[in-house]
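For reference, the structure is listed below as structure tokens.
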Amino acid sequence: MFKAILIEGSRADQQVALKSVDEAQLPEGDVTVEVAYSTLNYKDALAITGRAPIAKSYPMVPGIDLAGVVTESANPDFKAGDEVVLNGWGVGEKHWGGLAQKARLSGDWLIPLPSAFTARQAMAIGTAGYTAMLCVIALEKHGVTPDSGDILVTGATGGVGSVAVAVLAKLGYSVTAVTGRREEEAYLKSLGASQILDRAELSEPGKPLTRESWAGAIDVAGGQVLANVCAGMKYQGVVAACGLAAGMDFPATVAPFILRGVTLCGIDSVMAPKTERLYAWERLAQDLSTELLDDMMTEVPFDDAIEAASRLMDGKIRGRIVVPVAG
């Protein structure tokens, strides 16, 4: 038996609890992992609170991230004793996830734990930090350098935003951090933000084009925020879009794209190929200061993770939420 957060019932009437589960209930997979740490991401919070139809079947164990040790493997790439990390691949949505003491998975979804990080540090980064790195790499691929100008990061106190600010600052970029929580200004500046912008300035309908302000942007919001970000980009600016916290709609015009040559890059971390994942984690080992991870991270006991999901949805937790799940 092992402990797991279990979402049961149906989409219209779900129940969530920390329960003891028989190992025989684990789904199919060629690698079994004893999980040491998982996380609470925005998607996990949506699943646990039922505010969006994240769980595609019931019962479901949430948790799109995990770090742990292989206990059994029929996959040639892994053996018992290997330390591994998982991000995405529909885990926590279509396949039981990481908010459990055991997980059975496809070995094709796993990567070795980078030697630069402990399992706890890897989960302080998690899908959010790995997604942030994919966004930074996209800006680089499109020619955005520290000399190009300011980089805007929306949702800057969240998991993606916090890592993005820290990585960009270490790489020498000037970063403008967007937040609705002005009380977190000192935190954002400790990560390397040079300017703080109130989220309200990007939240209301605006003009198709505004003053050219940013050479690049990393956006987790979508919706009206993303439309306003695009409108304020410099000529040939680049926006990496990876989230929808402000909505799935995109009430914009083509003006930024055909008059300023702005590029809008979509960033998907869930199904990204292993080569891209490995490179992103390699870059995180190089470009993220591990001493900042403690400031970015809130550790929540396994027993409190369900309640913490509601606080995350209400915007009351900054940075990354790490959940130690080992017995």
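Residues are referred to by chain and number: the chain letter is A, B, ... according to the order shown in the structure tokens, the number counts from 1 in that chain, and ligands are numbered separately from 1 in the order shown.
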Just want the 10 Å neighbourhood of Leu312 in chain A, counted on only C-alpha atoms, with same-chain residues fewer than 2 positions away dropped. Output as a PyMOL selection string. chain A and resi 40-42+44-46+158+307-310+314-321
Can I get the selected residues back with C-alpha atoms, as a compact mmCIF listing (two decimals), in the first residue's frame?
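After the write, part17.txt holds the following:
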```
# COMPACT_ATOMS: atom_id res chain seq x y z
CA LEU A 40 1.62 21.56 -7.21
CA ASN A 41 1.34 23.31 -10.56
CA TYR A 42 -1.50 25.49 -11.81
CA ASP A 44 -2.71 20.29 -10.70
CA ALA A 45 -4.63 22.92 -8.74
CA LEU A 46 -7.26 23.08 -11.47
CA GLY A 158 4.30 32.33 -10.33
CA GLU A 307 -5.82 22.64 0.73
CA ALA A 308 -2.78 24.31 -0.85
CA ALA A 309 -4.32 23.78 -4.29
CA SER A 310 -7.12 26.17 -3.37
CA ASP A 314 -6.58 32.11 -5.27
CA GLY A 315 -3.13 33.56 -5.99
CA LYS A 316 -1.96 33.30 -2.40
CA ILE A 317 1.26 31.34 -3.00
CA ARG A 318 4.23 32.66 -4.92
CA GLY A 319 6.83 30.72 -6.87
CA ARG A 320 6.95 26.96 -6.83
CA ILE A 321 5.14 24.54 -4.50
```
Which of range 217-250 of chain A fall in strand (DSSP E), as a ChimeraX atom specification: /A:217-219,233-241
Write the residues of the preceding selection, restricted to N, CA, C and O atoms, as a compact mmCIF listing (two decimals), in the first residue's frame.
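For reference, again.txt as written:
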```txt
# COMPACT_ATOMS: atom_id res chain seq x y z
N ALA A 217 9.22 38.81 -24.85
CA ALA A 217 8.28 38.62 -23.74
C ALA A 217 8.04 37.14 -23.53
O ALA A 217 8.07 36.35 -24.47
N ILE A 218 7.82 36.79 -22.27
CA ILE A 218 7.37 35.45 -21.89
C ILE A 218 6.03 35.63 -21.20
O ILE A 218 5.94 36.31 -20.17
N ASP A 219 4.99 35.04 -21.78
CA ASP A 219 3.63 35.27 -21.28
C ASP A 219 2.98 33.99 -20.82
O ASP A 219 2.91 33.01 -21.56
N MET A 233 5.18 45.37 -28.38
CA MET A 233 6.50 44.84 -28.72
C MET A 233 7.25 45.78 -29.66
O MET A 233 6.65 46.50 -30.47
N LYS A 234 8.58 45.76 -29.56
CA LYS A 234 9.41 46.49 -30.49
C LYS A 234 9.37 45.83 -31.87
O LYS A 234 8.90 44.70 -32.03
N TYR A 235 9.90 46.54 -32.87
CA TYR A 235 9.98 45.99 -34.21
C TYR A 235 10.76 44.68 -34.18
O TYR A 235 11.84 44.59 -33.60
N GLN A 236 10.18 43.65 -34.77
CA GLN A 236 10.71 42.28 -34.81
C GLN A 236 10.90 41.68 -33.41
O GLN A 236 11.75 40.81 -33.21
N GLY A 237 10.07 42.13 -32.48
CA GLY A 237 10.07 41.53 -31.15
C GLY A 237 9.51 40.12 -31.18
O GLY A 237 8.85 39.70 -32.14
N VAL A 238 9.78 39.37 -30.11
CA VAL A 238 9.39 37.96 -30.05
C VAL A 238 8.66 37.70 -28.73
O VAL A 238 9.15 38.06 -27.65
N VAL A 239 7.49 37.07 -28.82
CA VAL A 239 6.70 36.71 -27.64
C VAL A 239 6.61 35.19 -27.56
O VAL A 239 6.18 34.53 -28.51
N ALA A 240 7.03 34.63 -26.43
CA ALA A 240 6.87 33.19 -26.19
C ALA A 240 5.66 33.02 -25.27
O ALA A 240 5.68 33.47 -24.12
N ALA A 241 4.62 32.39 -25.78
CA ALA A 241 3.36 32.23 -25.04
C ALA A 241 3.22 30.80 -24.55
O ALA A 241 3.29 29.86 -25.35
```
Nearest residue to Asp287 in chain A out of A:Val163, A:Ile196, A:Ala52, A:Met60, using only C-alpha atoms? A:Val163
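Nearest to Thr263 in chain A of all the residues A:Leu66, A:Ala132, A:Ile111, A:Ala231 is A:Ala231, counting only C-alpha atoms.
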Would you kindly return, as number ranges by chain, each protein, DNA or RNA residue with an atom no farther than 12 Å from any atom of Pro324 in chain A, considering only C-alpha atoms and excluding same-chain residues fewer than 6 positions away? A: 3-4, 34-40, 65-68, 98-101, 119-121, 123-124, 298-305
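The spacing separating CA of Leu244 in chain A from CA of Arg277 in chain A amounts to 21.6 Å.
By only C-alpha atoms, and with residues fewer than 4 positions from Val160 in chain A along its chain excluded, the set lying at most 10 Å from it is Asn41, Ile125, Gly126, Thr127, Ala128, Gly129, Tyr130, Thr131, Ala132, Met133, Cys135, Val153, Thr154, Gly155, Ala156, Ala164, Val165, Ile218, Asp219, Val220, Cys242, Gly243, Gly319 and Arg320 of chain A.
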Spatial neighbours of range 175-183 of chain A, max dist 8 Å, only C-alpha atoms, sep filter under 6 positions, as a count of residues only: 20
Can you tell me which residues surround Leu26 in chain A at a distance of at most 9 Å, considering only C-alpha atoms, apart from same-chain residues fewer than 6 positions away, and format the answer as a PyMOL selection string? chain A and resi 96+102-104
With C-alpha atoms retained, could you export that selection as a PDB file, in the first residue's frame?
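Output contents, as saved in selection37.pdb:
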```pdb
ATOM      1  CA  TRP A  96      -1.749   8.583 -12.719  1.00  0.00           C
ATOM      2  CA  LYS A 102       4.636   5.305  -6.136  1.00  0.00           C
ATOM      3  CA  ALA A 103       4.167   5.775  -9.875  1.00  0.00           C
ATOM      4  CA  ARG A 104       4.211   3.353 -12.789  1.00  0.00           C
TER       5      ARG A 104
END
```
Close residues, Asp30 in chain A itself excluded, 12 Å, only C-alpha atoms, min 3 positions apart in chain, as a list in words: Leu26, Pro27, Val33, Val70, Thr71, Glu72, Ser73, Ala74, Asn75, Pro76, Asp77, Phe78, Lys79, Ala80, Ala103, Arg104, Leu105, Ser106, Gly107, Asp108, Trp109 and Leu110 of chain A
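Note that CA of Ala55 in chain A and CA of Gly9 in chain A are 10.8 Å apart.
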What is the CA of Val270 in chain A to CA of Asn87 in chain A distance in Å? 7.1 Å
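Of the listed residues A:Lys274, A:Gly50, A:Leu209, A:Ala285, the one whose atoms come nearest to Val254 in chain A is A:Leu209, with distances taken using only C-alpha atoms.
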Counting only C-alpha atoms, closest pick from A:Tyr187, A:Thr210, A:Arg311, A:Arg283 relative to Ala116 in chain A is A:Arg283
